[in-house]
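Participant: Below you'll find protein_27.txt; it's compact mmCIF, C-alpha atoms and all ligand atoms.
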# COMPACT_ATOMS: atom_id res chain seq x y z
CA MET K 16 -29.00 -2.79 19.10
CA THR K 17 -27.02 -1.60 16.08
CA ARG K 18 -28.68 -2.60 12.82
CA THR K 19 -26.57 -4.25 10.17
CA ILE K 20 -26.69 -4.28 6.39
CA SER K 21 -26.05 -7.46 4.47
CA THR K 22 -23.16 -6.76 2.07
CA PRO K 23 -21.63 -8.84 -0.74
CA ALA K 24 -17.89 -9.46 -0.48
CA TYR K 25 -15.11 -11.81 -1.60
CA ALA K 26 -13.24 -13.77 1.06
CA ALA K 27 -10.46 -16.29 1.51
CA ASN K 28 -12.06 -18.94 3.68
CA SER K 29 -8.67 -20.44 4.46
CA PRO K 30 -5.05 -19.75 3.42
CA THR K 31 -5.16 -22.52 0.83
CA MET K 32 -8.49 -21.70 -0.79
CA PRO K 33 -9.09 -19.26 -3.64
CA LEU K 34 -11.15 -16.18 -2.83
CA ALA K 35 -14.87 -16.73 -3.31
CA PRO K 36 -18.18 -14.87 -2.83
CA PHE K 37 -19.02 -14.27 0.82
CA THR K 38 -21.64 -12.18 2.61
CA ILE K 39 -20.73 -9.88 5.50
CA GLU K 40 -22.72 -7.59 7.79
CA ARG K 41 -21.83 -3.90 7.91
CA ARG K 42 -23.23 -1.97 10.88
CA GLU K 43 -25.20 1.22 10.44
CA PRO K 44 -22.89 4.06 11.49
CA GLU K 45 -22.58 4.80 15.19
CA ALA K 46 -22.33 8.47 16.32
CA ASN K 47 -18.78 8.98 15.01
CA GLU K 48 -18.85 6.64 12.08
CA VAL K 49 -19.52 6.89 8.37
CA LEU K 50 -21.02 4.32 6.00
CA MET K 51 -19.66 4.40 2.47
CA ASP K 52 -20.21 2.61 -0.82
CA VAL K 53 -16.93 1.12 -1.99
CA LEU K 54 -16.45 1.95 -5.69
CA PHE K 55 -12.85 0.84 -6.30
CA CYS K 56 -10.32 -1.16 -4.30
CA GLY K 57 -6.65 -1.67 -5.18
CA VAL K 58 -5.01 -5.09 -4.93
CA CYS K 59 -1.88 -4.86 -2.76
CA HIS K 60 0.71 -7.63 -2.49
CA SER K 61 -0.02 -7.48 1.26
CA ASP K 62 -3.52 -8.77 0.43
CA LEU K 63 -1.93 -11.85 -1.12
CA HIS K 64 0.60 -12.33 1.72
CA GLN K 65 -2.23 -12.22 4.26
CA ALA K 66 -4.90 -14.19 2.35
CA ARG K 67 -2.33 -17.00 2.08
CA ASP K 68 -1.28 -16.47 5.70
CA GLU K 69 2.36 -15.94 4.72
CA TRP K 70 2.91 -13.58 7.68
CA GLY K 71 1.08 -15.88 10.15
CA ALA K 72 -1.76 -15.14 12.61
CA GLY K 73 -4.28 -14.57 9.80
CA ILE K 74 -7.96 -14.27 10.76
CA PHE K 75 -10.21 -16.35 8.47
CA PRO K 76 -12.53 -16.01 6.65
CA MET K 77 -10.63 -12.93 5.43
CA VAL K 78 -12.00 -10.16 3.20
CA PRO K 79 -8.86 -8.33 2.01
CA GLY K 80 -8.62 -4.82 0.55
CA HIS K 81 -7.09 -1.64 2.01
CA GLU K 82 -6.87 0.69 -0.98
CA ILE K 83 -10.46 1.85 -0.86
CA VAL K 84 -12.27 4.74 -2.50
CA GLY K 85 -15.98 5.45 -2.62
CA LYS K 86 -18.84 7.72 -1.62
CA VAL K 87 -20.33 8.47 1.77
CA THR K 88 -23.92 7.19 1.97
CA GLN K 89 -24.75 7.75 5.65
CA VAL K 90 -23.16 9.57 8.59
CA GLY K 91 -23.52 9.08 12.35
CA SER K 92 -25.24 11.71 14.52
CA GLY K 93 -21.95 13.22 15.74
CA VAL K 94 -20.18 13.47 12.39
CA THR K 95 -19.52 17.03 11.22
CA ASN K 96 -16.60 16.67 8.79
CA TRP K 97 -18.29 14.39 6.28
CA LYS K 98 -21.58 14.44 4.43
CA VAL K 99 -23.52 12.13 2.16
CA GLY K 100 -22.01 12.18 -1.34
CA ASP K 101 -18.43 13.03 -0.28
CA THR K 102 -15.71 11.20 -2.23
CA VAL K 103 -13.50 9.53 0.33
CA GLY K 104 -10.69 7.06 0.79
CA VAL K 105 -9.74 4.51 3.43
CA GLY K 106 -6.33 2.89 3.68
CA CYS K 107 -4.86 0.25 5.97
CA LEU K 108 -6.31 1.59 9.23
CA VAL K 109 -9.90 1.94 10.47
CA GLY K 110 -9.26 2.82 14.11
CA SER K 111 -6.79 3.61 16.89
CA CYS K 112 -6.90 4.76 20.53
CA GLN K 113 -6.76 8.48 19.57
CA HIS K 114 -4.95 9.54 22.75
CA CYS K 115 -1.47 7.97 22.85
CA GLU K 116 1.72 9.73 21.81
CA ALA K 117 1.57 8.15 18.31
CA CYS K 118 -2.05 9.20 17.73
CA ASP K 119 -1.39 12.69 19.12
CA SER K 120 1.43 13.15 16.64
CA GLY K 121 -0.71 11.99 13.71
CA GLU K 122 1.15 8.68 13.36
CA GLU K 123 -1.72 6.30 14.09
CA GLN K 124 0.18 3.50 12.32
CA PHE K 125 2.32 3.22 15.47
CA CYS K 126 -0.60 3.18 17.96
CA LYS K 127 -0.45 -0.08 19.92
CA SER K 128 -4.21 -0.47 19.54
CA SER K 129 -4.56 0.64 15.94
CA ARG K 130 -7.02 -1.51 14.02
CA GLY K 131 -6.39 -2.77 10.51
CA THR K 132 -8.98 -2.46 7.75
CA TYR K 133 -8.99 -6.27 7.59
CA ASN K 134 -7.25 -9.17 9.32
CA SER K 135 -7.78 -7.31 12.60
CA TYR K 136 -10.58 -6.82 15.14
CA GLU K 137 -13.23 -4.19 15.73
CA LYS K 138 -13.26 -2.13 18.96
CA ASP K 139 -14.91 -5.04 20.80
CA GLY K 140 -11.72 -7.05 20.26
CA LYS K 141 -13.55 -10.06 18.84
CA THR K 142 -15.42 -9.13 15.65
CA PRO K 143 -13.09 -9.43 12.63
CA THR K 144 -12.67 -6.37 10.41
CA TYR K 145 -13.38 -6.91 6.72
CA GLY K 146 -11.74 -4.93 3.93
CA GLY K 147 -12.58 -3.37 0.61
CA TYR K 148 -13.28 -6.45 -1.50
CA SER K 149 -16.90 -5.62 -0.61
CA THR K 150 -19.45 -3.04 -1.63
CA ARG K 151 -19.84 -1.15 1.68
CA LEU K 152 -17.68 -0.15 4.61
CA THR K 153 -18.47 1.37 8.01
CA VAL K 154 -15.54 3.37 9.34
CA ASP K 155 -14.54 5.76 12.15
CA GLU K 156 -14.81 9.33 10.78
CA ASN K 157 -11.18 10.03 11.76
CA PHE K 158 -9.91 7.38 9.35
CA LEU K 159 -11.32 8.85 6.16
CA VAL K 160 -9.42 11.06 3.75
CA ARG K 161 -10.72 13.27 0.98
CA ILE K 162 -9.94 12.32 -2.63
CA PRO K 163 -9.06 15.47 -4.61
CA ALA K 164 -11.47 15.97 -7.52
CA SER K 165 -8.70 16.02 -10.13
CA ILE K 166 -7.57 12.42 -9.49
CA PRO K 167 -9.63 9.76 -11.34
CA LEU K 168 -11.18 7.58 -8.62
CA ASP K 169 -9.94 4.23 -9.89
CA ARG K 170 -6.40 5.57 -10.24
CA ALA K 171 -6.64 7.11 -6.75
CA ALA K 172 -7.37 3.84 -4.95
CA PRO K 173 -3.74 2.55 -4.90
CA LEU K 174 -2.60 5.82 -3.34
CA LEU K 175 -4.26 4.72 -0.08
CA CYS K 176 -1.54 2.11 0.52
CA ALA K 177 1.06 2.03 -2.28
CA GLY K 178 1.06 5.85 -2.39
CA ILE K 179 1.37 6.58 1.32
CA THR K 180 3.80 3.71 1.98
CA THR K 181 6.28 5.18 -0.48
CA TYR K 182 5.54 8.88 0.21
CA SER K 183 6.01 8.61 3.98
CA PRO K 184 9.63 7.35 4.04
CA LEU K 185 10.64 9.69 1.20
CA ARG K 186 9.43 12.58 3.38
CA HIS K 187 10.53 11.21 6.75
CA PHE K 188 14.10 10.64 5.59
CA GLY K 189 14.18 14.06 3.94
CA VAL K 190 14.59 13.17 0.26
CA LYS K 191 14.95 16.43 -1.64
CA ALA K 192 15.50 17.84 -5.11
CA GLY K 193 18.71 16.59 -6.70
CA ASP K 194 19.13 13.57 -4.41
CA SER K 195 20.16 10.35 -6.05
CA VAL K 196 17.37 7.88 -5.20
CA ALA K 197 16.96 4.21 -6.14
CA ILE K 198 13.67 2.36 -6.09
CA VAL K 199 14.10 -1.42 -5.85
CA GLY K 200 11.28 -3.40 -7.53
CA LEU K 201 8.92 -1.88 -10.08
CA GLY K 202 5.54 -3.15 -8.88
CA GLY K 203 2.59 -1.43 -7.21
CA LEU K 204 4.65 0.30 -4.53
CA GLY K 205 7.71 0.74 -6.72
CA HIS K 206 5.94 2.56 -9.54
CA MET K 207 4.41 4.98 -7.02
CA GLY K 208 7.85 5.44 -5.46
CA VAL K 209 9.24 6.44 -8.87
CA LYS K 210 6.45 8.96 -9.52
CA LEU K 211 6.59 10.48 -6.02
CA ALA K 212 10.38 10.71 -5.76
CA LYS K 213 10.47 12.29 -9.22
CA ALA K 214 7.77 14.80 -8.22
CA MET K 215 9.95 15.70 -5.21
CA GLY K 216 12.75 16.52 -7.63
CA ALA K 217 15.02 13.52 -7.01
CA LYS K 218 17.13 11.81 -9.66
CA VAL K 219 15.50 8.38 -9.77
CA THR K 220 16.96 5.02 -10.75
CA VAL K 221 14.91 1.82 -10.84
CA LEU K 222 16.70 -1.36 -9.73
CA SER K 223 14.71 -4.23 -11.20
CA HIS K 224 15.16 -7.93 -11.81
CA SER K 225 12.86 -7.67 -14.88
CA PRO K 226 14.74 -6.36 -17.96
CA GLY K 227 11.41 -5.93 -19.79
CA LYS K 228 10.36 -3.07 -17.50
CA ARG K 229 13.01 -0.61 -18.73
CA GLU K 230 10.76 1.38 -21.07
CA ASP K 231 7.98 1.56 -18.52
CA ALA K 232 10.38 2.77 -15.84
CA LEU K 233 11.58 5.60 -18.04
CA ARG K 234 8.01 6.46 -19.07
CA LEU K 235 6.99 6.57 -15.39
CA GLY K 236 9.68 9.18 -14.81
CA ALA K 237 12.84 7.28 -13.90
CA ASP K 238 16.15 8.76 -15.11
CA ASP K 239 17.93 5.42 -15.19
CA PHE K 240 17.19 1.69 -15.05
CA VAL K 241 19.51 -1.02 -13.77
CA VAL K 242 18.88 -4.74 -14.23
CA THR K 243 19.96 -6.34 -10.96
CA LYS K 244 20.49 -9.71 -12.65
CA ASP K 245 23.38 -8.23 -14.67
CA PRO K 246 26.63 -9.57 -13.24
CA ASP K 247 28.19 -6.08 -13.03
CA ALA K 248 25.15 -4.26 -11.66
CA PHE K 249 26.37 -4.14 -8.07
CA THR K 250 29.98 -3.22 -8.77
CA GLN K 251 29.14 -0.61 -11.41
CA ASN K 252 26.65 1.16 -9.15
CA ALA K 253 28.55 0.92 -5.84
CA ASP K 254 28.37 4.02 -3.59
CA ARG K 255 25.92 5.72 -5.96
CA PHE K 256 22.68 6.51 -4.07
CA SER K 257 21.90 8.63 -1.05
CA PHE K 258 18.57 6.87 -0.53
CA ILE K 259 17.23 3.45 -1.54
CA LEU K 260 13.59 2.44 -1.16
CA ASP K 261 13.23 -1.34 -1.28
CA THR K 262 9.72 -2.46 -2.28
CA VAL K 263 10.50 -6.09 -3.13
CA SER K 264 7.96 -8.69 -1.97
CA ALA K 265 10.26 -11.75 -2.09
CA GLN K 266 13.46 -12.66 -0.27
CA HIS K 267 16.66 -11.06 -1.63
CA ASP K 268 20.10 -10.08 -0.33
CA TYR K 269 19.90 -6.69 1.43
CA ASN K 270 23.70 -6.63 1.85
CA ALA K 271 24.23 -6.32 -1.90
CA TYR K 272 21.91 -3.29 -2.09
CA LEU K 273 23.49 -1.62 0.96
CA GLY K 274 26.73 -1.51 -1.02
CA LEU K 275 25.02 0.81 -3.51
CA LEU K 276 24.58 3.51 -0.87
CA LYS K 277 26.91 6.49 -0.60
CA ARG K 278 28.49 7.35 2.72
CA ASP K 279 25.75 8.13 5.28
CA GLY K 280 23.10 6.88 2.86
CA THR K 281 19.89 5.24 4.01
CA MET K 282 18.09 2.18 2.70
CA VAL K 283 14.47 1.80 3.78
CA LEU K 284 12.59 -1.48 3.57
CA VAL K 285 8.90 -1.25 2.79
CA GLY K 286 8.66 -4.57 0.96
CA ALA K 287 7.80 -7.29 3.47
CA PRO K 288 9.02 -10.76 2.38
CA PRO K 289 7.84 -13.38 4.87
CA GLU K 290 11.31 -14.91 5.36
CA PRO K 291 14.03 -13.22 7.46
CA THR K 292 17.27 -12.34 5.66
CA PRO K 293 20.68 -12.02 7.36
CA VAL K 294 22.32 -8.59 7.33
CA GLY K 295 26.09 -8.34 7.78
CA ALA K 296 27.74 -5.63 9.84
CA PHE K 297 30.31 -4.65 7.23
CA PRO K 298 28.11 -3.14 4.51
CA LEU K 299 26.71 -0.87 7.25
CA ILE K 300 29.98 -0.06 9.01
CA MET K 301 31.84 0.72 5.81
CA GLY K 302 30.19 3.97 4.79
CA ARG K 303 28.26 4.57 8.04
CA ARG K 304 25.16 3.47 6.17
CA ARG K 305 21.72 3.05 7.68
CA LEU K 306 19.10 0.35 7.19
CA ALA K 307 15.54 1.22 8.25
CA GLY K 308 11.94 0.15 7.71
CA SER K 309 8.68 2.05 7.37
CA PRO K 310 5.01 1.06 7.70
CA ILE K 311 2.30 2.87 5.68
CA GLY K 312 1.75 6.40 7.12
CA GLY K 313 -0.60 8.36 9.38
CA ILE K 314 -3.99 9.76 8.34
CA ARG K 315 -2.81 13.39 8.25
CA GLU K 316 0.13 12.42 6.06
CA THR K 317 -2.13 10.35 3.81
CA GLN K 318 -4.20 13.47 3.14
CA GLU K 319 -0.99 15.44 2.54
CA MET K 320 0.12 12.77 0.04
CA LEU K 321 -3.21 12.89 -1.82
CA ASP K 322 -3.02 16.68 -2.07
CA PHE K 323 0.60 16.40 -3.25
CA CYS K 324 -0.50 13.93 -5.95
CA ALA K 325 -3.28 16.28 -7.08
CA GLU K 326 -0.83 19.18 -7.25
CA HIS K 327 1.76 17.20 -9.23
CA GLY K 328 -0.62 15.24 -11.47
CA VAL K 329 0.38 11.90 -9.91
CA ALA K 330 -1.89 8.83 -9.92
CA SER K 331 -1.41 5.09 -10.16
CA ASP K 332 -1.11 3.20 -13.46
CA ILE K 333 -3.80 0.56 -13.15
CA GLU K 334 -5.47 -2.44 -14.75
CA LEU K 335 -9.14 -2.41 -13.80
CA ILE K 336 -10.63 -5.85 -13.12
CA PRO K 337 -13.99 -7.27 -12.08
CA ILE K 338 -13.79 -8.97 -8.68
CA GLN K 339 -14.42 -12.33 -10.35
CA GLN K 340 -10.83 -12.12 -11.68
CA ILE K 341 -9.19 -11.66 -8.28
CA ASN K 342 -7.60 -15.12 -8.07
CA GLU K 343 -6.10 -14.76 -11.54
CA ALA K 344 -4.87 -11.28 -10.54
CA TYR K 345 -3.05 -12.79 -7.53
CA GLU K 346 -1.33 -15.34 -9.79
CA ARG K 347 -0.34 -12.62 -12.24
CA MET K 348 1.02 -10.48 -9.39
CA LEU K 349 3.25 -13.39 -8.36
CA LYS K 350 4.58 -13.57 -11.92
CA ASN K 351 5.30 -9.80 -11.94
CA ASP K 352 2.66 -9.50 -14.64
CA VAL K 353 0.93 -6.34 -13.43
CA ARG K 354 1.28 -2.84 -14.90
CA TYR K 355 1.29 -1.55 -12.21
CA ARG K 356 -1.65 -2.12 -9.91
CA PHE K 357 -4.79 -4.19 -10.25
CA VAL K 358 -7.85 -2.25 -9.12
CA ILE K 359 -11.19 -3.96 -8.53
CA ASP K 360 -14.28 -2.25 -9.93
CA LEU K 361 -16.82 -3.04 -7.21
CA ALA K 362 -19.67 -2.49 -9.67
CA SER K 363 -18.87 -6.08 -10.68
CA LEU K 364 -19.92 -7.27 -7.24
CA ALA K 365 -22.85 -4.93 -6.71
CA SER K 366 -24.41 -6.16 -9.93
CA GLN K 367 -24.15 -9.87 -9.07
P1 LIG E 1 4.13 -6.11 -6.33
O1 LIG E 1 3.28 -5.19 -7.11
O2 LIG E 1 3.98 -7.56 -6.50
O3 LIG E 1 5.66 -5.66 -6.60
C1 LIG E 1 6.75 -6.31 -6.03
C2 LIG E 1 7.95 -6.15 -6.95
O4 LIG E 1 9.05 -6.80 -6.33
C3 LIG E 1 7.81 -6.84 -8.29
O5 LIG E 1 7.15 -6.07 -9.24
C4 LIG E 1 9.25 -7.08 -8.68
O6 LIG E 1 9.80 -5.92 -9.28
C5 LIG E 1 9.94 -7.28 -7.34
N1 LIG E 1 10.15 -8.73 -7.10
C6 LIG E 1 9.21 -9.68 -6.96
N2 LIG E 1 9.78 -10.90 -6.78
C7 LIG E 1 11.10 -10.67 -6.78
C8 LIG E 1 12.23 -11.53 -6.63
N3 LIG E 1 12.08 -12.85 -6.43
N4 LIG E 1 13.46 -10.97 -6.65
C9 LIG E 1 13.61 -9.66 -6.85
N5 LIG E 1 12.57 -8.80 -7.02
C10 LIG E 1 11.34 -9.31 -6.99
O7 LIG E 1 3.94 -5.84 -4.76
P2 LIG E 1 3.53 -4.49 -3.99
O8 LIG E 1 2.07 -4.47 -3.80
O9 LIG E 1 4.24 -3.36 -4.59
O10 LIG E 1 4.14 -4.82 -2.54
C11 LIG E 1 5.53 -4.99 -2.37
C12 LIG E 1 5.86 -5.42 -0.97
O11 LIG E 1 5.57 -4.34 -0.07
C13 LIG E 1 5.02 -6.59 -0.45
O12 LIG E 1 5.87 -7.43 0.32
C14 LIG E 1 3.98 -5.92 0.42
O13 LIG E 1 3.47 -6.76 1.43
C15 LIG E 1 4.79 -4.81 1.01
N6 LIG E 1 4.02 -3.69 1.56
C16 LIG E 1 4.49 -3.10 2.67
C17 LIG E 1 3.85 -2.01 3.20
C18 LIG E 1 4.40 -1.30 4.40
O14 LIG E 1 3.66 -0.64 5.10
N7 LIG E 1 5.69 -1.38 4.63
C19 LIG E 1 2.67 -1.54 2.60
C20 LIG E 1 2.23 -2.17 1.45
C21 LIG E 1 2.90 -3.24 0.92
P3 LIG E 1 10.84 -6.05 -10.52
O15 LIG E 1 10.17 -6.93 -11.52
O16 LIG E 1 11.00 -4.65 -10.99
O17 LIG E 1 12.13 -6.62 -9.97
ZN ZN E 2 -1.06 -2.47 0.98
In structure tokens, what does this structure look like?
Facilitator:
Amino acid sequence: MTRTISTPAYAANSPTMPLAPFTIERREPEANEVLMDVLFCGVCHSDLHQARDEWGAGIFPMVPGHEIVGKVTQVGSGVTNWKVGDTVGVGCLVGSCQHCEACDSGEEQFCKSSRGTYNSYEKDGKTPTYGGYSTRLTVDENFLVRIPASIPLDRAAPLLCAGITTYSPLRHFGVKAGDSVAIVGLGGLGHMGVKLAKAMGAKVTVLSHSPGKREDALRLGADDFVVTKDPDAFTQNADRFSFILDTVSAQHDYNAYLGLLKRDGTMVLVGAPPEPTPVGAFPLIMGRRRLAGSPIGGIRETQEMLDFCAEHGVASDIELIPIQQINEAYERMLKNDVRYRFVIDLASLASQ
């Protein structure tokens, strides 16, 4: 029988309860698995959506966390790519079938049996997976990525979700130097979108409902900043952008933003508000515009993104917190009071 290691964590016991200390069991690595110490874990708005069961079908108790970096402490007998001491990252996925068309093309996020880092099930289909709000993680060797030495570890953690979720659509939809790109929402994903689009050479505009973020947006690399609450914002910027990346976590009118696209422009939703929003035909028909969505990214592309970040000096702007402040961090995230990603220092849990 596989031995397990008792591991401290923080969990939401139910959608209406604050996160609290919780103990989980991590298994010793099987042949193709790796055991790692979690050093830092980013706090994604998806953690909050799921811990409060806003998307439905949540598995409780839930240990969130899918922006994980740390060090390998043990490897299974068949592991050749990783060794003890390696600095590694884990994002939103910890497993997939490894033989379907999606897996073969390196897009495990589309595998019908991909397994989430938390709020999902292990291979046996019944043991819940638990995420990075914990001090250890056992993971399939194919779902690790290497953190380049030049990126500070705490600032690397958010790249594992916020980074790849914004990088992947920018690449997939072919954003290139000189393109006029808008990023909607300057939060965890949005600030990474600004940095990445800028590093790809685009002309970047932030569309924000928070006037107080103007200076930050420009400091992060944006060329322009538009306050979407301004009455003229949508008429003055009509037909302006070839690509819009929408990272907003709450319900808003997509039709208004579609009107900001040039002819043949594309707007991609990565923000995932729980409520559906009607989309009219006319903003799409007039201008032959496209509306698309995009989930995270594959493992190969996540490594590519990390290497791109190392090459271009890109990392997340973070506020480091002890895990004991996680509930306050969720409340602050809801008030848009985060600059621009909370990252949990797991030393605060290990030392409890
Ligand atoms: P976040 O840090 O809370 O940022 C969300 C931003 O949305 C805020 O900073 C704010 O920007 C804007 N916003 C919030 N409420 C708004 C409102 N009522 N009206 C207009 N704008 C509002 O969240 P995040 O971690 O970046 O995540 C953003 C969304 O992406 C979440 O829904 C998350 O679940 C989703 N997500 C999706 C994927 C995927 O694979 N597609 C992956 C990760 C996360 P301003 O103040 O600048 O307006
Ligand atoms: Zn996330």
Participant: Can you tell me which residues come within 6 Å of ligand LIG 1 (chain E) when counting all atoms listed in the file, ideally as JSON, numbers by chain?
Facilitator: {"K": [59, 60, 61, 176, 177, 180, 200, 201, 202, 203, 204, 205, 223, 224, 225, 262, 263, 264, 265, 267, 285, 286, 287, 288, 309, 310, 311, 348, 351]}
Participant: Would you compute, for all listed atoms of segment 240-249 of chain K, the axis-aligned bounding box grown by 4 Å on each side, and then report its centre and edge lengths in Å rounded to one decimal, as lines of an AutoDock Vina configuration file?
Facilitator:
center_x = 22.7
center_y = -4.0
center_z = -11.6
size_x = 19.0
size_y = 19.4
size_z = 15.0
Participant: Any idea what's packed within 7 Å of segment 315-324 of chain K, counting only C-alpha atoms, ignoring anything in its chain fewer than 6 positions away? Could you give it as an MDAnalysis selection string?
Facilitator: chainID K and resid 121 160:163 179 182 330
Participant: So, counting all atoms listed in the file, which residue among K:Arg130, K:Ala197, K:Asn252, K:Ser183 is closest to Met282 of chain K?
Facilitator: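 The answer is K:Ala197, which sits nearest to Met282 of chain K.
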Participant: Which of these residues is nearest to Asp360 of chain K, using all atoms listed in the file: K:Leu50, K:Val84, K:Ile341, K:Cys56?
Facilitator: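 Using all atoms listed in the file, Asp360 of chain K sits closest to K:Cys56.
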Participant: Measuring atom to atom with all atoms listed in the file, identify which of K:Thr144, K:Asn157, K:Thr281, K:Ser257 is nearest to His81 of chain K.
Facilitator: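 The answer is K:Thr144, which sits nearest to His81 of chain K.
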Participant: Using all atoms listed in the file, can you tell me which of K:Tyr133, K:Phe188, K:Phe258, K:Tyr272 comes closest to ligand ZN 2 (chain E)?
Facilitator: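 Closest to ligand ZN 2 (chain E) of all the choices is K:Tyr133.
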Participant: In terms of the shortest atom-to-atom distance over all atoms listed in the file, which of K:Gln65, K:Gln339, K:Thr102, K:Thr153 is closest to ligand ZN 2 (chain E)?
Facilitator: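 Selected residue with least distance to ligand ZN 2 (chain E): K:Gln65.
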Participant: Under the rule that all atoms listed in the file are counted, which of K:Ser111, K:Thr150, K:Thr19, K:Thr95 is the nearest residue to Ala365 of chain K?
Facilitator: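 For Ala365 of chain K, the nearest of the given residues is K:Thr150.
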Participant: Using all atoms listed in the file, which protein or nucleic acid residues come within 12 Å of Pro79 of chain K? Drop anything in the same chain fewer than 3 positions from it, and give the result as a ChimeraX atom specification.
Facilitator: /K:24-28,34-35,37,56-68,73-76,82-83,106-107,131-135,143-149,338,341,359
Participant: Would you list the contacts of Lys98 of chain K as an MDAnalysis selection string, taking every protein, DNA or RNA residue within 7 Å and counting all atoms listed in the file, but skipping same-chain residues closer than 3 positions in sequence?
Facilitator: chainID K and resid 87 90 101
Participant: Could you work out how far atom CA of Val94 of chain K lies from atom CA of Ser120 of chain K, giving the answer in Å with one decimal?
Facilitator: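 These atoms are spaced 22.0 Å apart.
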Participant: Please report the interatomic distance between atom CA of Thr38 of chain K and atom CA of Tyr345 of chain K in Å with one decimal.
Facilitator: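 Distance between the two atoms: 21.2 Å.
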Participant: Please work out which residues fall within 12 Å of (22.1, -10.5, -15.0), coordinates as given in the file, with all atoms listed in the file counting, and return them as a list in words.
Facilitator: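 Returned residue set, sorted by chain then number, is Leu222, Ser223, His224, Ser225, Pro226, Val241, Val242, Thr243, Lys244, Asp245, Pro246, Asp247, Ala248 and Phe249 of chain K.
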